[in-house]
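A short worksheet on the structure shown next.
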Amino acid sequence: MKNYTLLFISLFLLLTSTKSQVYVDQITGYVDQGGRPAQYFPDFGYCTIETADDFTVPAGSTWDIDSVFTYGTFSTGIGSYFDTVIVTFFNDNSGVPGNSIHADTVVLDSSNTDNYLEVALDNTVHLTAGTYWLTVDAIMPFNNGLPPGGQWFQGAFGSTPIGNEWYIRDPCDLFGTGITTWHSATSQGSTVFDLMFMLKSGPCNVVNDTSIQVVDATLTSNQSNANYQWIDCSNNSIIDGATFQSYTATVNGSYACIITNGCAIDTSSCQQINCLNNINNGIAVSNNDLHAMDTVASYQWIDCSNGNIPINGATSQVYTVTQTGSYACALTSDCATDTTNCINIIINGVNETSENPDIKLYPNPVAQTLYLETNQLKAHKIRVYTLTGEQLILIPNNIKSIDLSHLSSGVYVIHIETENRTFYRKIVKE
């Protein structure tokens with residue numbers, strides 16, 4: 001999408017000694033829920049339809065406003081543009097726009113075809129404490145668009161107004177509704193009550209790179225040191241929590257990033273992700289064989305008992321377990337990844353390579369209480385399994401004895417997890 005690099009650089013060079021300050025920000029974090037007309041129509045005798053919103057300068061403050069930033073949409077898409085805007089500030093008249101106190105007709109450095117618009121005012125607006133109203137109107141003929149019907153709509157949002165709700169007027173009655181003086185949002189049946197705009201002083205940073213790098217399902221903004229908000233282009237909705245420079249899509253779709261660099265805002269073009277396939281992460285057990293249920297993925301079996309390390313050579317759909325332990329399969333299908341749950345497999349006659357003189361269990365066979373000695377090792381977790389891998393007991397502490405009185409007579413496996421290793425012991429319950 002187009003960004004105003006030349007304008008931003010010019011402002012930066014002229015005003016590098018002045019610190020930028022954002023006074024009002026009703027753009028960042030807000031989503032347009034339906035724009036409001038904001039336009040002068042040269043082909044209709046310069047009649048205007050204006051929508052105004054209010055803001056308040058706090059007591060004891062003085063604002064020097066150099067730029068106005070807003071967000072809006074065109075009614076006709078490709079072919080709509082304007083190169084001049086009129087920014088007007090009004091006094092407050094008991095909660096309604098009053099008299100105009102400042103109007104600035106600004107010719108843009110280049111024609112605007114973008115949603116985000118920054119207008120560098122020709123004259124700084126000095127405001128003392130109080131409530132004021134603002135309009136930002138594009139000068140654009142109705143027949144400027146292709147096909148005819150060119151209109152510019154300022155973004156609107158919010159179910160609860162910030163200050164007063166927006167007001168609209170149509171002095172020439174172009175709409176034929178008779179609202180030739182200021183009328184409230186409520187009177188027009190609106191369910192959103194604030195306009196999207198930003199007021200600031202001083203220079204603005206630059207969003208100088210709106211390009212996106214795509215690797216598999218991960219999208220990364222090439223603009224560094226900024227704030228990011230990823231959106232779903234299918235409905236232009238914000239993706240909750242997607243506020244980092246990179247975003248990994250979880251479903252196929254089209255995505256873009258709103259980039260905020262200080263008071264500069266721009267949006268990347270939408271990028272399509274098509275490589276995410278559905279993965280079946282089920283797993284079946286047959287004796288000592290583990291079967292991954294997905295038939296098209298690539299496979300890598302991992303040892304859950306040993307830090308989830310990959311098992312060398314275990315890259316087939318079926319893995320035959322040779323040693324008691326816990327196993328899972330990491331699945332990859334194009335750019336989609338998933339991992340099965342860990343499955344416990346008990347090999348009858350537990351592999352004695354896990355023996356360690358520091359681990360002692362007694363008595364064995366045991367009637368009621370099994371005692372554990374670990375010397376210098378600390379047991380983080382102790383589990384008791386049946387020979388078929390069913391977990392019966394989980395003890396998350398470094399205990400010294402285990403009550404097995406409630407277990408039926410038979411053979412069980414004790415799983416002892418220490419800081420660096422996992423040990424297995426077969427015991428007989430009398």
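Letters A, B, ... go to the chains of the structure tokens in the order shown; residues in each chain start at 1; ligands are counted from 1 in the same order.
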
Exercise for the section: Considering only C-alpha atoms, return as JSON, numbers by chain whatever protein or nucleic-acid residues lie within 8 Å of A:Thr386, sequence-local ones (same chain, fewer than 3 positions apart) excluded. Expected result: {"A": [346, 389, 390, 391, 392, 411, 412, 413]}

Using C-alpha atoms, can you write the selected residues to a file as a CSV table (one decimal), in the first residue's frame?
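Written file, out-v2.csv:
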```csv
chain,number,residue,atom,x,y,z
A,346,ILE,CA,6.1,-51.0,28.9
A,389,GLY,CA,1.2,-48.7,30.0
A,390,GLU,CA,-1.8,-47.5,32.1
A,391,GLN,CA,-0.7,-45.0,34.7
A,392,LEU,CA,-2.1,-45.8,38.1
A,411,VAL,CA,3.5,-57.1,38.0
A,412,TYR,CA,3.9,-53.3,37.8
A,413,VAL,CA,6.5,-50.9,36.5
```

Exercise for the section: Looking only at strand (DSSP E) from DSSP on the backbone, list the matching residues of stretch 45-129 of chain A as a ChimeraX atom specification. Expected result: /A:47-74,82-92,97-112,116-129

Exercise for the section: To one decimal in Å, tell me the separation between atom CA of A:Ile168 and atom CA of A:Phe89. Expected result: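 Pair atom CA of A:Ile168 / atom CA of A:Phe89 returns 14.4 Å.
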
Fill in the blank from the handout: re atom CA of A:Phe74 and atom CA of A:Ser221: distance 25.6 Å

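Using only C-alpha atoms, the shortest contact distance between A:Tyr385 and any of A:Ile179, A:Cys335, A:Val107, A:Ile416 is found at A:Ile416.
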
Exercise for the section: Excluding stretch 47-56 of chain A and any residue of its chain fewer than 6 positions from it, enumerate the residues within 10 Å of it, using only C-alpha atoms, and give them as a PyMOL selection string. Expected result: chain A and resi 23-24+35-41+88-92+95-97+127-139+153-154+156+161-175+179-180+182-185+193-197+199

Practice task
Give the answer as one residue: which of A:Gly150, A:Gly313, A:Gly72, A:Gly176 has the shortest atom-to-atom distance to A:Val31, using only C-alpha atoms?
Solution key: A:Gly72

Practice task
For each of A:Asp64, A:Asp109, A:Asp266, A:Asp43, take the minimum atom-to-atom distance to A:Ile27, counting only C-alpha atoms, then give the residue where this is smallest.
Solution key: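 Using only C-alpha atoms, the shortest distance to A:Ile27 belongs to A:Asp266.
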
Practice task
One decimal, Å: what's the distance from atom CA of A:Ile302 over to atom CA of A:Val285, could you say?
Solution key: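 Those two atoms sit 15.4 Å apart.
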
Handout entry: Non-local contacts of A:Ile265 (7 Å; only C-alpha atoms; under 3 positions in same chain excluded) as a PyMOL selection string
Key = chain A and resi 116+207+259-261

Handout entry: helix (DSSP H, G or I) residues, from DSSP on the backbone, in stretch 71-210 of chain A, as an MDAnalysis selection string
Key = chainID A and resid 142:144 186:188

For the residues selected in the previous step, produce a file with all heavy atoms as a CSV table (one decimal), in the first residue's frame.
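And here is the file that came out, selection.csv:
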```
chain,number,residue,atom,x,y,z
A,142,PHE,N,-17.7,13.7,-6.9
A,142,PHE,CA,-18.5,12.4,-6.8
A,142,PHE,C,-18.2,11.5,-8.0
A,142,PHE,O,-18.2,10.3,-7.9
A,142,PHE,CB,-20.0,12.8,-6.7
A,142,PHE,CG,-20.8,11.5,-6.5
A,142,PHE,CD1,-20.9,10.9,-5.3
A,142,PHE,CD2,-21.6,11.1,-7.6
A,142,PHE,CE1,-21.7,9.8,-5.1
A,142,PHE,CE2,-22.4,9.9,-7.4
A,142,PHE,CZ,-22.4,9.3,-6.2
A,143,ASN,N,-18.0,12.1,-9.2
A,143,ASN,CA,-17.7,11.4,-10.4
A,143,ASN,C,-16.2,11.1,-10.7
A,143,ASN,O,-15.8,10.8,-11.8
A,143,ASN,CB,-18.4,12.1,-11.6
A,143,ASN,CG,-19.9,12.0,-11.6
A,143,ASN,OD1,-20.4,11.0,-11.3
A,143,ASN,ND2,-20.5,13.1,-11.9
A,144,ASN,N,-15.4,11.3,-9.6
A,144,ASN,CA,-14.0,11.0,-9.8
A,144,ASN,C,-13.6,9.6,-9.8
A,144,ASN,O,-12.6,9.1,-10.4
A,144,ASN,CB,-13.2,11.7,-8.6
A,144,ASN,CG,-11.7,11.8,-8.8
A,144,ASN,OD1,-11.3,12.2,-9.9
A,144,ASN,ND2,-11.0,11.4,-7.9
A,186,THR,N,-26.7,9.4,17.2
A,186,THR,CA,-27.9,8.7,17.7
A,186,THR,C,-29.1,9.1,16.8
A,186,THR,O,-30.0,8.2,16.5
A,186,THR,CB,-28.2,9.1,19.2
A,186,THR,OG1,-27.1,8.6,20.0
A,186,THR,CG2,-29.5,8.4,19.7
A,187,SER,N,-29.3,10.3,16.5
A,187,SER,CA,-30.4,10.8,15.7
A,187,SER,C,-30.4,10.1,14.3
A,187,SER,O,-31.5,10.1,13.7
A,187,SER,CB,-30.4,12.3,15.6
A,187,SER,OG,-29.4,12.7,14.7
A,188,GLN,N,-29.2,9.7,13.8
A,188,GLN,CA,-29.1,9.0,12.5
A,188,GLN,C,-29.2,7.5,12.6
A,188,GLN,O,-28.9,6.8,11.7
A,188,GLN,CB,-27.8,9.5,11.8
A,188,GLN,CG,-27.7,11.0,11.6
A,188,GLN,CD,-28.9,11.6,10.9
A,188,GLN,OE1,-29.2,11.2,9.8
A,188,GLN,NE2,-29.6,12.5,11.5
```

Exercise for the section: Return the single residue from A:Ile399, A:Val296, A:Ala330, A:Asn236 that is closest to A:Ile311, with distances computed using only C-alpha atoms. Expected result: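 Checking each of A:Ile399, A:Val296, A:Ala330, A:Asn236 against A:Ile311, counting only C-alpha atoms, the winner is A:Ala330.
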
Practice task
Write out as JSON, numbers by chain the residues lying within 10 Å of A:Val125, counting only C-alpha atoms and excluding same-chain residues fewer than 6 positions away.
Solution key: {"A": [63, 64, 65, 66, 67, 89, 101, 102, 103, 104, 201]}

How would the residues just chosen look if you wrote them out with N, CA, C and O atoms as a PDB file, in the first residue's frame?
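For reference, out_24.pdb as written:
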```pdb
ATOM      1  N   TRP A  63      -1.972  22.917  23.593  1.00  0.00           N
ATOM      2  CA  TRP A  63      -1.559  22.019  22.517  1.00  0.00           C
ATOM      3  C   TRP A  63      -1.178  22.826  21.279  1.00  0.00           C
ATOM      4  O   TRP A  63      -1.873  23.773  20.902  1.00  0.00           O
ATOM      5  N   ASP A  64      -0.061  22.406  20.644  1.00  0.00           N
ATOM      6  CA  ASP A  64       0.356  22.970  19.354  1.00  0.00           C
ATOM      7  C   ASP A  64       0.268  21.846  18.333  1.00  0.00           C
ATOM      8  O   ASP A  64       1.148  20.988  18.249  1.00  0.00           O
ATOM      9  N   ILE A  65      -0.799  21.844  17.571  1.00  0.00           N
ATOM     10  CA  ILE A  65      -1.087  20.741  16.658  1.00  0.00           C
ATOM     11  C   ILE A  65      -0.519  21.047  15.281  1.00  0.00           C
ATOM     12  O   ILE A  65      -0.872  22.053  14.659  1.00  0.00           O
ATOM     13  N   ASP A  66       0.386  20.172  14.816  1.00  0.00           N
ATOM     14  CA  ASP A  66       1.028  20.345  13.510  1.00  0.00           C
ATOM     15  C   ASP A  66       0.477  19.401  12.449  1.00  0.00           C
ATOM     16  O   ASP A  66       0.578  19.694  11.261  1.00  0.00           O
ATOM     17  N   SER A  67      -0.057  18.262  12.899  1.00  0.00           N
ATOM     18  CA  SER A  67      -0.510  17.271  11.927  1.00  0.00           C
ATOM     19  C   SER A  67      -1.770  16.580  12.425  1.00  0.00           C
ATOM     20  O   SER A  67      -1.986  16.429  13.626  1.00  0.00           O
ATOM     21  N   PHE A  89     -11.197  23.058  12.690  1.00  0.00           N
ATOM     22  CA  PHE A  89     -11.391  22.950  14.129  1.00  0.00           C
ATOM     23  C   PHE A  89     -12.533  23.875  14.531  1.00  0.00           C
ATOM     24  O   PHE A  89     -12.623  25.015  14.045  1.00  0.00           O
ATOM     25  N   ILE A 101     -12.905  27.795  14.287  1.00  0.00           N
ATOM     26  CA  ILE A 101     -11.821  28.619  14.815  1.00  0.00           C
ATOM     27  C   ILE A 101     -10.547  28.484  13.999  1.00  0.00           C
ATOM     28  O   ILE A 101      -9.630  29.294  14.139  1.00  0.00           O
ATOM     29  N   HIS A 102     -10.468  27.467  13.146  1.00  0.00           N
ATOM     30  CA  HIS A 102      -9.287  27.301  12.298  1.00  0.00           C
ATOM     31  C   HIS A 102      -9.654  26.361  11.154  1.00  0.00           C
ATOM     32  O   HIS A 102     -10.205  25.286  11.380  1.00  0.00           O
ATOM     33  N   ALA A 103      -9.342  26.779   9.942  1.00  0.00           N
ATOM     34  CA  ALA A 103      -9.548  25.930   8.765  1.00  0.00           C
ATOM     35  C   ALA A 103      -8.293  25.969   7.917  1.00  0.00           C
ATOM     36  O   ALA A 103      -7.754  27.053   7.652  1.00  0.00           O
ATOM     37  N   ASP A 104      -7.806  24.812   7.522  1.00  0.00           N
ATOM     38  CA  ASP A 104      -6.571  24.720   6.748  1.00  0.00           C
ATOM     39  C   ASP A 104      -6.833  23.862   5.518  1.00  0.00           C
ATOM     40  O   ASP A 104      -7.211  22.691   5.636  1.00  0.00           O
ATOM     41  N   SER A 201       1.961  16.863  17.475  1.00  0.00           N
ATOM     42  CA  SER A 201       2.884  17.968  17.202  1.00  0.00           C
ATOM     43  C   SER A 201       4.217  17.393  16.784  1.00  0.00           C
ATOM     44  O   SER A 201       4.514  16.228  17.050  1.00  0.00           O
TER      45      SER A 201
END
```

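Shell of A:Ser254 at 6 Å, with only C-alpha atoms counted and residues fewer than 4 places along the chain excluded, is Cys233, Cys270, Gln271 and Gln272 of chain A.
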
Produce a file of the selected residues containing C-alpha atoms, as a compact mmCIF listing (two decimals), in the first residue's frame.
```
# COMPACT_ATOMS: atom_id res chain seq x y z
CA CYS A 233 -7.89 -9.71 5.48
CA CYS A 270 -2.44 -8.84 2.22
CA GLN A 271 -0.39 -12.03 1.96
CA GLN A 272 -1.96 -15.40 1.20
```
